[in-house]
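Coordinates from query-v7.csv are shown below (CSV, C-alpha atoms and all ligand atoms).
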```
chain,number,residue,atom,x,y,z
A,14,MET,CA,104.0,94.0,109.5
A,15,ARG,CA,106.4,96.6,110.9
A,16,VAL,CA,106.3,99.8,108.8
A,17,VAL,CA,108.7,102.7,109.3
A,18,ILE,CA,107.4,106.0,108.0
A,19,ALA,CA,109.8,108.8,107.2
A,20,GLY,CA,108.2,112.1,108.1
A,21,GLY,CA,106.1,110.5,110.8
A,22,HIS,CA,104.2,113.6,111.8
A,23,GLY,CA,103.1,114.6,108.3
A,24,LYS,CA,99.5,114.7,107.5
A,25,ILE,CA,99.5,111.6,105.3
A,26,ALA,CA,101.8,109.8,107.8
A,27,LEU,CA,99.5,110.3,110.8
A,28,LEU,CA,96.6,109.0,108.8
A,29,LEU,CA,98.6,106.0,107.6
A,30,GLU,CA,99.8,105.3,111.2
A,31,ARG,CA,96.3,105.2,112.4
A,32,PHE,CA,95.2,103.0,109.5
A,33,LEU,CA,98.1,100.6,110.1
A,34,SER,CA,97.7,100.4,113.8
A,35,GLU,CA,93.9,99.8,113.6
A,36,ARG,CA,94.4,96.9,111.3
A,37,GLY,CA,97.0,95.4,113.6
A,38,ASP,CA,100.3,96.4,111.9
A,39,GLN,CA,103.1,98.1,113.8
A,40,ALA,CA,103.8,101.6,112.6
A,41,VAL,CA,106.9,103.6,113.5
A,42,GLY,CA,107.1,107.3,112.7
A,43,LEU,CA,110.5,109.0,112.3
A,44,ILE,CA,110.2,112.6,113.5
A,45,ARG,CA,112.7,115.4,114.0
A,46,ASN,CA,110.7,117.4,116.6
A,47,PRO,CA,110.3,115.7,120.0
A,48,ALA,CA,107.1,117.7,120.6
A,49,HIS,CA,105.5,115.7,117.8
A,50,ALA,CA,105.9,112.4,119.5
A,51,ALA,CA,102.6,112.6,121.4
A,52,ASP,CA,100.6,113.0,118.2
A,53,VAL,CA,102.4,110.0,116.6
A,54,ARG,CA,101.7,107.9,119.7
A,55,LYS,CA,98.1,109.0,119.6
A,56,ALA,CA,97.9,107.7,116.1
A,57,GLY,CA,98.9,104.3,117.4
A,58,ALA,CA,102.6,104.4,116.3
A,59,GLU,CA,105.9,104.4,117.9
A,60,ALA,CA,107.8,107.7,117.6
A,61,VAL,CA,111.5,107.6,116.9
A,62,LEU,CA,113.6,110.8,116.6
A,63,CYS,CA,115.5,111.1,113.4
A,64,ASP,CA,116.3,114.4,111.5
A,65,LEU,CA,116.5,113.2,107.9
A,66,GLU,CA,118.6,116.2,106.9
A,67,ALA,CA,121.2,115.5,109.6
A,68,ALA,CA,121.3,111.6,109.8
A,69,VAL,CA,123.6,109.3,107.9
A,70,ALA,CA,122.5,106.1,106.1
A,71,GLY,CA,124.3,103.8,108.6
A,72,ASP,CA,122.4,105.3,111.5
A,73,VAL,CA,119.0,105.2,109.8
A,74,ALA,CA,119.7,101.6,108.8
A,75,VAL,CA,119.9,100.7,112.5
A,76,LEU,CA,116.5,102.3,113.0
A,77,LEU,CA,115.1,100.1,110.2
A,78,SER,CA,116.4,96.9,111.7
A,79,GLY,CA,113.4,94.4,112.0
A,80,ALA,CA,111.2,96.4,109.7
A,81,ASP,CA,109.2,94.9,106.8
A,82,ALA,CA,108.6,98.0,104.9
A,83,VAL,CA,109.5,101.7,104.6
A,84,VAL,CA,107.2,104.5,103.5
A,85,PHE,CA,108.8,107.9,102.5
A,86,ALA,CA,106.1,110.4,103.5
A,87,ALA,CA,108.4,113.4,104.4
A,88,GLY,CA,108.4,116.6,102.5
A,89,ALA,CA,109.9,120.1,103.0
A,90,GLY,CA,106.3,121.5,103.0
A,91,ALA,CA,104.6,124.4,101.4
A,92,GLY,CA,106.4,127.2,103.1
A,93,SER,CA,109.9,126.0,102.2
A,94,GLY,CA,112.3,127.3,99.6
A,95,ALA,CA,114.3,125.5,96.9
A,96,PRO,CA,117.3,124.4,99.1
A,97,ARG,CA,115.0,122.3,101.3
A,98,LYS,CA,113.2,120.8,98.3
A,99,ASP,CA,116.6,119.3,97.6
A,100,SER,CA,117.6,118.4,101.2
A,101,VAL,CA,114.3,116.8,102.0
A,102,ASP,CA,112.3,115.8,98.9
A,103,ARG,CA,115.4,114.5,97.2
A,104,ALA,CA,118.2,113.9,99.7
A,105,ALA,CA,116.1,112.5,102.5
A,106,ALA,CA,114.4,110.2,100.1
A,107,VAL,CA,117.7,108.9,98.8
A,108,LEU,CA,119.0,108.5,102.4
A,109,MET,CA,115.9,106.4,103.3
A,110,ALA,CA,116.4,104.2,100.2
A,111,ASP,CA,120.1,103.8,100.9
A,112,ALA,CA,119.3,102.9,104.6
A,113,ALA,CA,116.6,100.4,103.5
A,114,GLU,CA,119.1,98.7,101.2
A,115,ARG,CA,121.7,98.5,103.9
A,116,ALA,CA,119.1,97.1,106.4
A,117,GLY,CA,117.8,94.6,103.9
A,118,VAL,CA,114.2,96.0,104.1
A,119,ARG,CA,113.0,95.4,100.6
A,120,ARG,CA,109.5,96.9,100.5
A,121,PHE,CA,109.7,100.6,99.9
A,122,VAL,CA,106.8,103.0,99.0
A,123,GLN,CA,107.8,106.5,98.0
A,124,ILE,CA,105.4,109.4,98.0
A,125,SER,CA,106.3,111.5,95.0
A,126,SER,CA,104.1,113.9,93.1
A,127,MET,CA,102.2,114.2,89.9
A,128,GLY,CA,104.4,116.4,87.7
A,129,ALA,CA,107.5,114.4,88.6
A,130,GLY,CA,109.2,112.5,85.8
A,131,SER,CA,109.2,115.4,83.4
A,132,PRO,CA,111.2,118.7,83.4
A,133,PRO,CA,109.3,121.5,85.1
A,134,GLN,CA,107.1,123.4,82.6
A,135,PRO,CA,108.8,126.6,81.3
A,136,GLY,CA,107.6,129.6,83.3
A,137,THR,CA,106.9,127.7,86.5
A,138,GLY,CA,108.3,129.4,89.7
A,139,GLU,CA,111.7,128.6,91.0
A,140,VAL,CA,110.4,126.7,94.1
A,141,TRP,CA,108.0,124.5,92.1
A,142,ALA,CA,110.7,123.8,89.6
A,143,ALA,CA,113.0,122.8,92.5
A,144,TYR,CA,110.3,120.6,94.0
A,145,ILE,CA,109.6,118.7,90.7
A,146,THR,CA,113.4,118.4,90.1
A,147,ALA,CA,113.9,117.0,93.6
A,148,LYS,CA,111.0,114.5,93.3
A,149,THR,CA,112.2,113.4,89.9
A,150,ALA,CA,115.8,112.8,91.2
A,151,ALA,CA,114.5,110.8,94.1
A,152,GLU,CA,112.4,108.6,91.8
A,153,THR,CA,115.4,108.1,89.5
A,154,ASP,CA,117.6,107.1,92.4
A,155,LEU,CA,115.0,104.7,93.8
A,156,ARG,CA,114.7,102.8,90.4
A,157,THR,CA,118.4,101.9,90.6
A,158,ARG,CA,118.0,100.3,94.0
A,159,ASP,CA,117.8,96.6,94.7
A,160,LEU,CA,114.5,97.1,96.5
A,161,ASP,CA,110.8,96.2,96.0
A,162,TRP,CA,109.9,99.8,95.4
A,163,THR,CA,106.7,101.4,94.4
A,164,ILE,CA,106.5,105.1,93.5
A,165,LEU,CA,103.2,106.8,94.2
A,166,ARG,CA,102.5,110.2,92.6
A,167,PRO,CA,99.4,111.7,94.1
A,168,GLY,CA,97.7,114.7,92.6
A,169,GLY,CA,96.9,117.8,94.6
A,170,LEU,CA,96.3,116.8,98.3
A,171,THR,CA,93.2,117.9,100.2
A,172,ASP,CA,92.1,117.4,103.8
A,173,ALA,CA,88.6,116.3,102.7
A,174,PRO,CA,87.2,113.2,104.3
A,175,PRO,CA,88.1,109.9,102.6
A,176,SER,CA,85.9,109.0,99.6
A,177,GLY,CA,87.3,105.5,99.4
A,178,ARG,CA,87.3,105.8,95.6
A,179,VAL,CA,90.3,106.5,93.6
A,180,ARG,CA,91.9,106.4,90.2
A,181,LEU,CA,95.3,104.7,90.3
A,182,ALA,CA,97.3,103.9,87.1
A,183,ALA,CA,100.6,104.3,85.3
A,184,PRO,CA,101.3,107.8,84.2
A,185,PRO,CA,99.9,110.0,82.7
A,186,LEU,CA,96.6,110.6,84.5
A,187,PRO,CA,94.7,113.8,84.0
A,188,ALA,CA,95.4,116.3,86.7
A,189,GLY,CA,93.2,116.0,89.8
A,190,THR,CA,93.0,116.1,93.6
A,191,ILE,CA,92.8,113.4,96.2
A,192,PRO,CA,92.1,113.5,100.0
A,193,ARG,CA,95.2,112.6,102.1
A,194,ALA,CA,93.1,110.0,103.8
A,195,ASP,CA,92.6,108.2,100.5
A,196,VAL,CA,96.3,108.4,99.8
A,197,ALA,CA,97.0,106.7,103.2
A,198,ALA,CA,94.5,104.0,102.4
A,199,VAL,CA,96.2,103.3,99.0
A,200,ILE,CA,99.6,103.2,100.6
A,201,ALA,CA,98.4,100.6,103.2
A,202,ALA,CA,96.9,98.6,100.3
A,203,LEU,CA,100.1,98.8,98.3
A,204,LEU,CA,102.1,97.5,101.2
A,205,ASP,CA,100.0,94.4,101.1
A,206,GLU,CA,100.5,93.9,97.3
A,207,PRO,CA,104.1,93.1,96.5
A,208,GLY,CA,102.9,92.7,92.9
A,209,THR,CA,102.9,96.5,92.7
A,210,ARG,CA,106.7,96.6,93.0
A,211,HIS,CA,108.7,98.3,90.3
A,212,GLN,CA,105.7,100.4,89.3
A,213,THR,CA,105.3,104.2,89.1
A,214,LEU,CA,101.7,105.0,89.7
A,215,GLU,CA,99.7,108.2,89.6
A,216,LEU,CA,96.7,108.7,92.0
A,217,THR,CA,93.7,111.0,92.0
A,218,GLY,CA,90.1,110.8,93.1
A,219,GLY,CA,88.1,108.4,91.0
A,220,ASP,CA,85.5,105.7,90.8
A,221,SER,CA,87.3,102.5,92.0
A,222,PRO,CA,87.3,101.3,95.6
A,223,VAL,CA,90.8,101.4,96.9
A,224,ALA,CA,91.3,97.6,97.2
A,225,ALA,CA,90.0,97.1,93.7
A,226,ALA,CA,92.2,99.9,92.3
A,227,VAL,CA,95.3,98.4,93.9
A,228,HIS,CA,94.4,94.8,92.9
A,229,SER,CA,93.9,95.8,89.3
A,230,ILE,CA,97.5,97.0,88.8
A,231,SER,CA,99.2,94.2,90.8
B,1,LIG,N1,100.7,119.2,98.8
B,1,LIG,C1,100.4,118.5,97.7
B,1,LIG,O1,99.4,118.8,97.1
B,1,LIG,C2,101.2,117.3,97.3
B,1,LIG,C3,100.9,116.6,96.2
B,1,LIG,C4,101.5,115.5,95.8
B,1,LIG,C5,102.5,115.0,96.7
B,1,LIG,N2,102.8,115.6,97.8
B,1,LIG,C6,103.8,115.0,98.7
B,1,LIG,O2,103.2,114.2,99.6
B,1,LIG,C7,104.0,113.9,100.8
B,1,LIG,C8,103.3,114.0,102.1
B,1,LIG,O3,102.5,115.2,102.1
B,1,LIG,P1,101.8,115.7,103.5
B,1,LIG,O4,100.9,116.8,103.1
B,1,LIG,O5,101.4,114.6,104.3
B,1,LIG,O6,103.2,116.3,104.1
B,1,LIG,P2,103.4,117.2,105.4
B,1,LIG,O7,102.2,117.2,106.3
B,1,LIG,O8,104.0,118.5,104.9
B,1,LIG,O9,104.5,116.4,106.2
B,1,LIG,C9,105.8,116.3,105.8
B,1,LIG,C10,106.6,115.8,107.1
B,1,LIG,O10,108.0,115.7,106.7
B,1,LIG,C11,108.7,116.1,107.9
B,1,LIG,N3,110.0,116.5,107.7
B,1,LIG,C12,110.5,117.6,107.0
B,1,LIG,N4,111.8,117.7,107.1
B,1,LIG,C13,112.2,116.6,107.9
B,1,LIG,C14,113.4,116.2,108.4
B,1,LIG,N5,114.6,116.8,108.1
B,1,LIG,N6,113.5,115.0,109.1
B,1,LIG,C15,112.3,114.4,109.5
B,1,LIG,N7,111.1,114.8,109.0
B,1,LIG,C16,111.1,115.9,108.3
B,1,LIG,C17,107.9,117.2,108.5
B,1,LIG,O11,108.2,117.4,109.8
B,1,LIG,P3,108.3,118.9,110.5
B,1,LIG,O12,106.9,119.2,110.9
B,1,LIG,O13,109.3,118.6,111.6
B,1,LIG,O14,108.9,119.8,109.5
B,1,LIG,C18,106.4,116.8,108.3
B,1,LIG,O15,106.0,116.0,109.4
B,1,LIG,C19,105.2,114.9,100.6
B,1,LIG,O16,106.3,114.2,100.1
B,1,LIG,C20,104.7,115.9,99.6
B,1,LIG,O17,105.7,116.4,98.8
B,1,LIG,C21,102.2,116.8,98.2
```
Mind converting the file's structure to structure tokens?
Amino acid sequence: MRVVIAGGHGKIALLLERFLSERGDQAVGLIRNPAHAADVRKAGAEAVLCDLEAAVAGDVAVLLSGADAVVFAAGAGAGSGAPRKDSVDRAAAVLMADAAERAGVRRFVQISSMGAGSPPQPGTGEVWAAYITAKTAAETDLRTRDLDWTILRPGGLTDAPPSGRVRLAAPPLPAGTIPRADVAAVIAALLDEPGTRHQTLELTGGDSPVAAAVHSIS
């Protein structure tokens, strides 16, 4: 399977690339900084330059030619302000979905976030509100697409080692955290389970082995 990962130098993306390459899949990481290419290659993936805030859908569609799946793993990141929540967490996700449709790449897994799907709680900060608004808008756009999409909303991400055990279900799940490595393992399993298409799923640490958790909702 050839899987193109938007935000290819992100922490989840690098873990996913290693996971996919070790199991014999072909991973391609879209990056905007040429200095990140070596890390992507070290993870076993091909690095392709593409700034998702500057590209247009037709050009991205060309990069998706021959792919079997797309994973949206980009994000404006913790230090960014409200405008980049919109230009990355919303607009870059919409761009990838548009490009996937144009390229005829049906399988699309979008990393969203727990908290998306509802208006931001009153009193939350401007940047968090912009983030949740952007993630919600990206989800809403994706559901209108003629794609085999799955929306994955992880809880708070940690860099802890993988536990291999998760809780994965339709919303709402109680708030929780999850190691990025477990998120990567869940995404790899979702790519293998087309029965999870057209589902919005929340993800935290839990008791179920990853394969069983994904199998149970497919
Ligand atoms: N933090 C949390 O607790 C949490 C919880 C739930 C969901 N999430 C979501 O989970 C996803 C992945 O998280 P993560 O921690 O793995 O992310 P991350 O390490 O912050 O990686 C995000 C990647 O997106 C890339 N990116 C940003 N703007 C770009 C652009 N214009 N073109 C191409 N790439 C661009 C960044 O590249 P540069 O290095 O070049 O900027 C970076 O490599 C994100 O969507 C995040 O919102 C996070």
Checklist entry - Can I get the residues close to ligand LIG 1 (chain B) as JSON, numbers by chain, where close means within 6 Å and we count only C-alpha atoms and all ligand atoms? => result {"A": [20, 21, 22, 23, 24, 25, 26, 44, 45, 46, 64, 65, 66, 86, 87, 88, 89, 90, 101, 124, 125, 126, 167, 168, 169, 170]}
Checklist entry - Counting all atoms listed in the file, what is within 10 Å of Arg166 (chain A), bar same-chain residues fewer than 3 positions away, as a PyMOL selection string? => result chain A and resi 123-130+148+163+169+181-184+196+213-217
Next on the checklist: Could you tell me how far CA of Arg210 (chain A) sits from CA of Met109 (chain A), in Å to one decimal place?
Outcome noted: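 CA of Arg210 (chain A) lies 16.9 Å from CA of Met109 (chain A).
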Checklist outcome for this item: From the list A:Ala113, A:Val118, A:Leu77, A:Val107, the nearest residue to Cys63 (chain A) using all atoms listed in the file is A:Leu77
Item to check | For CA of Pro174 (chain A) and CA of Leu33 (chain A), the interatomic separation in Å (one decimal) | outcome: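 Computing the Euclidean distance for CA of Pro174 (chain A) and CA of Leu33 (chain A) yields 17.6 Å.
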